[in-house]
Amino acid sequence: IGAKIDDEVILQKSITETKELILSYKHNIISFEFAALHFAAPDKNLFAYILEGFDENWNYVGNRHFANYTSVPPGTYIFKVKAANSNGIWSEESASIKIIIVPPFYSTAWFRVLVSIIVVFFGYIGYQLKMRSVRKRENELRELINEKTILNEQLIKENRERKQAEGQLLVAKEKAEGSERLKSEFL
């Protein structure tokens, strides 16, 4: 009673007064020692025990008066023990104690929900950042297309103006050549 195991007090009061034990997941090796109150022939007392939620059936162990469990996973269990006297008459009631092995924080439902929420949150943030980047790139491409369209229109306009100017030059050249011919004929 009051002994510390891994800086935790497991048994606060006498085991006969304790109805429930709460253990850390680190304490998954459990041992029980029990006795029968029939002293006429104590060597002939028989015992049976079960850890409900772990064992499927009662363990009939003869006159052995202890039980060991290793690698008990987190959960809620009830350890029960019953005894038979030297005549083989089993007790009608069994002694029992509730055992709760608390899981590590990372195995609890609230932790899994929290991690799921965080993953969804960061996934959403990542999605929003990616979409913002895509929209920004899309807008840059639109601006680039608009600039190229404007440049194309300016080039087309300049090309038309150049062709008009060339046409006017040709007309002027032909007029000048015609004048030159007339002058040559006159002279």
# chains A, B, ... in the order shown; residues from 1 in each chain; ligands from 1
call {"tool": "select_by_dssp", "arguments": {"residues": "segment 37-114 of chain A", "states": "alpha helix (DSSP H)", "output": "number ranges by chain"}}
result
A: 109-114
call {"tool": "write_last_selection", "arguments": {"atoms": "C-alpha atoms", "output": "mmCIF file, in the first residue's frame"}}
result
data_model
loop_
_atom_site.group_PDB
_atom_site.id
_atom_site.type_symbol
_atom_site.label_atom_id
_atom_site.label_comp_id
_atom_site.auth_asym_id
_atom_site.auth_seq_id
_atom_site.Cartn_x
_atom_site.Cartn_y
_atom_site.Cartn_z
ATOM 1 C CA ALA A 109 -9.817 8.583 -29.554
ATOM 2 C CA TRP A 110 -9.494 12.278 -28.700
ATOM 3 C CA PHE A 111 -5.859 12.278 -29.891
ATOM 4 C CA ARG A 112 -6.795 10.594 -33.168
ATOM 5 C CA VAL A 113 -9.617 13.096 -33.695
ATOM 6 C CA LEU A 114 -7.239 15.981 -32.933
#
call {"tool": "select_by_dssp", "arguments": {"residues": "segment 78-183 of chain A", "states": "strand (DSSP E or B)", "output": "list in words"}}
result
Ile78, Phe79, Lys80, Val81, Lys82, Ala83, Ala84, Trp90, Ala95, Ser96, Ile97, Lys98, Ile99, Ile100, Ile101 and Val102 of chain A
call {"tool": "residues_around", "arguments": {"residues": "Val9 of chain A", "least_positions_apart": "6", "cutoff": "12 Å", "atoms": "only C-alpha atoms", "output": "PyMOL selection string"}}
result
chain A and resi 1-3+21-24+27
call {"tool": "write_last_selection", "arguments": {"atoms": "all heavy atoms", "output": "short mmCIF file (atom, residue, chain, number, x, y, z; two decimals), in the first residue's frame"}}
result
data_model
loop_
_atom_site.label_atom_id
_atom_site.label_comp_id
_atom_site.auth_asym_id
_atom_site.auth_seq_id
_atom_site.Cartn_x
_atom_site.Cartn_y
_atom_site.Cartn_z
N ILE A 1 0.86 -1.18 0.00
CA ILE A 1 0.00 0.00 0.00
C ILE A 1 0.90 1.24 0.00
O ILE A 1 1.81 1.35 0.82
CB ILE A 1 -0.93 0.01 1.24
CG1 ILE A 1 -1.82 -1.23 1.23
CG2 ILE A 1 -1.74 1.29 1.27
CD1 ILE A 1 -2.62 -1.40 2.51
N GLY A 2 0.64 2.15 -0.94
CA GLY A 2 1.38 3.40 -1.02
C GLY A 2 2.74 3.28 -1.68
O GLY A 2 3.42 4.29 -1.83
N ALA A 3 3.15 2.08 -2.08
CA ALA A 3 4.45 1.92 -2.75
C ALA A 3 4.40 2.55 -4.14
O ALA A 3 3.40 2.45 -4.83
CB ALA A 3 4.81 0.44 -2.85
N LEU A 21 -8.63 -0.72 -9.81
CA LEU A 21 -7.23 -0.32 -9.98
C LEU A 21 -7.11 0.37 -11.34
O LEU A 21 -7.57 -0.16 -12.35
CB LEU A 21 -6.30 -1.53 -9.98
CG LEU A 21 -5.96 -2.17 -8.65
CD1 LEU A 21 -5.09 -3.40 -8.89
CD2 LEU A 21 -5.24 -1.20 -7.73
N ILE A 22 -6.49 1.53 -11.34
CA ILE A 22 -6.24 2.23 -12.60
C ILE A 22 -4.74 2.21 -12.82
O ILE A 22 -3.97 2.71 -12.01
CB ILE A 22 -6.78 3.67 -12.55
CG1 ILE A 22 -8.30 3.64 -12.33
CG2 ILE A 22 -6.44 4.40 -13.84
CD1 ILE A 22 -8.94 5.00 -12.16
N LEU A 23 -4.35 1.59 -13.93
CA LEU A 23 -2.93 1.41 -14.24
C LEU A 23 -2.57 2.11 -15.55
O LEU A 23 -3.40 2.23 -16.45
CB LEU A 23 -2.60 -0.09 -14.37
CG LEU A 23 -2.97 -0.98 -13.18
CD1 LEU A 23 -2.72 -2.43 -13.54
CD2 LEU A 23 -2.17 -0.59 -11.96
N SER A 24 -1.33 2.51 -15.64
CA SER A 24 -0.81 3.08 -16.87
C SER A 24 -0.56 1.96 -17.87
O SER A 24 -0.37 0.81 -17.50
CB SER A 24 0.50 3.82 -16.58
OG SER A 24 1.19 4.11 -17.77
N HIS A 27 2.25 -0.39 -17.23
CA HIS A 27 2.10 -1.45 -16.24
C HIS A 27 1.19 -2.55 -16.78
O HIS A 27 0.11 -2.81 -16.27
CB HIS A 27 1.52 -0.89 -14.94
CG HIS A 27 2.36 0.21 -14.37
ND1 HIS A 27 1.83 1.38 -13.93
CD2 HIS A 27 3.70 0.32 -14.20
CE1 HIS A 27 2.79 2.17 -13.50
NE2 HIS A 27 3.95 1.54 -13.67
#
call {"tool": "closest_residue", "arguments": {"among": "A:Lys44, A:Ala83, A:Gln164, A:Gly53", "to": "Lys98 of chain A", "atoms": "only C-alpha atoms"}}
result
A:Gly53
call {"tool": "atom_distance", "arguments": {"atom1": "atom CA of Ser86 of chain A", "atom2": "atom CA of Ala35 of chain A"}}
result
13.4 Å
call {"tool": "closest_atom_pairs", "arguments": {"of": "segment 74-128 of chain A", "to": "segment 55-69 of chain A", "cutoff": "12 Å", "atoms": "only C-alpha atoms", "output": "JSON lines"}}
result
{"residue": "A:Tyr77", "atom": "CA", "partner": "A:Asp55", "partner_atom": "CA", "distance": 9.7}
{"residue": "A:Ile78", "atom": "CA", "partner": "A:Asp55", "partner_atom": "CA", "distance": 10.2}
{"residue": "A:Phe79", "atom": "CA", "partner": "A:Asp55", "partner_atom": "CA", "distance": 9.6}
{"residue": "A:Lys80", "atom": "CA", "partner": "A:Trp58", "partner_atom": "CA", "distance": 9.0}
{"residue": "A:Val81", "atom": "CA", "partner": "A:Trp58", "partner_atom": "CA", "distance": 8.9}
{"residue": "A:Lys82", "atom": "CA", "partner": "A:Tyr60", "partner_atom": "CA", "distance": 9.5}
{"residue": "A:Ala83", "atom": "CA", "partner": "A:Asn63", "partner_atom": "CA", "distance": 9.2}
{"residue": "A:Ala84", "atom": "CA", "partner": "A:Gly62", "partner_atom": "CA", "distance": 9.3}
{"residue": "A:Asn85", "atom": "CA", "partner": "A:Asn63", "partner_atom": "CA", "distance": 10.1}
{"residue": "A:Ser86", "atom": "CA", "partner": "A:Asn63", "partner_atom": "CA", "distance": 10.0}
{"residue": "A:Gly88", "atom": "CA", "partner": "A:Gly62", "partner_atom": "CA", "distance": 10.5}
{"residue": "A:Trp90", "atom": "CA", "partner": "A:Tyr60", "partner_atom": "CA", "distance": 11.5}
{"residue": "A:Ser94", "atom": "CA", "partner": "A:Trp58", "partner_atom": "CA", "distance": 11.7}
call {"tool": "write_last_selection", "arguments": {"atoms": "N, CA and C atoms", "output": "CSV table (one decimal), in the first residue's frame"}}
result
chain,number,residue,atom,x,y,z
A,77,TYR,N,-10.9,-4.4,-17.4
A,77,TYR,CA,-11.0,-5.9,-17.1
A,77,TYR,C,-11.6,-6.0,-15.7
A,78,ILE,N,-12.0,-7.3,-15.5
A,78,ILE,CA,-12.4,-7.6,-14.1
A,78,ILE,C,-11.7,-8.9,-13.8
A,79,PHE,N,-10.9,-8.9,-12.7
A,79,PHE,CA,-10.2,-10.1,-12.3
A,79,PHE,C,-11.1,-10.8,-11.2
A,80,LYS,N,-11.4,-12.1,-11.5
A,80,LYS,CA,-12.2,-12.8,-10.5
A,80,LYS,C,-11.5,-14.0,-10.1
A,81,VAL,N,-11.6,-14.4,-8.8
A,81,VAL,CA,-11.0,-15.6,-8.3
A,81,VAL,C,-12.0,-16.3,-7.4
A,82,LYS,N,-12.1,-17.6,-7.5
A,82,LYS,CA,-12.9,-18.4,-6.6
A,82,LYS,C,-12.1,-19.6,-6.1
A,83,ALA,N,-12.6,-20.2,-5.0
A,83,ALA,CA,-11.8,-21.2,-4.3
A,83,ALA,C,-12.8,-22.4,-4.0
A,84,ALA,N,-12.2,-23.6,-3.8
A,84,ALA,CA,-12.9,-24.8,-3.4
A,84,ALA,C,-12.1,-25.3,-2.2
A,85,ASN,N,-12.9,-25.8,-1.2
A,85,ASN,CA,-12.3,-26.3,0.0
A,85,ASN,C,-11.7,-27.7,-0.3
A,86,SER,N,-11.2,-28.4,0.7
A,86,SER,CA,-10.6,-29.7,0.6
A,86,SER,C,-11.6,-30.8,0.1
A,88,GLY,N,-13.7,-30.2,-2.2
A,88,GLY,CA,-14.0,-29.9,-3.6
A,88,GLY,C,-15.3,-29.0,-3.8
A,90,TRP,N,-17.0,-25.6,-4.3
A,90,TRP,CA,-16.6,-24.3,-4.8
A,90,TRP,C,-17.4,-23.2,-4.1
A,94,SER,N,-17.4,-15.1,-6.0
A,94,SER,CA,-16.0,-15.0,-6.3
A,94,SER,C,-15.5,-13.6,-5.9
call {"tool": "atom_distance", "arguments": {"atom1": "atom CA of Ala48 of chain A", "atom2": "atom CA of Asn87 of chain A"}}
result
15.3 Å
call {"tool": "atom_distance", "arguments": {"atom1": "atom CA of Gln154 of chain A", "atom2": "atom CA of Arg135 of chain A"}}
result
28.4 Å
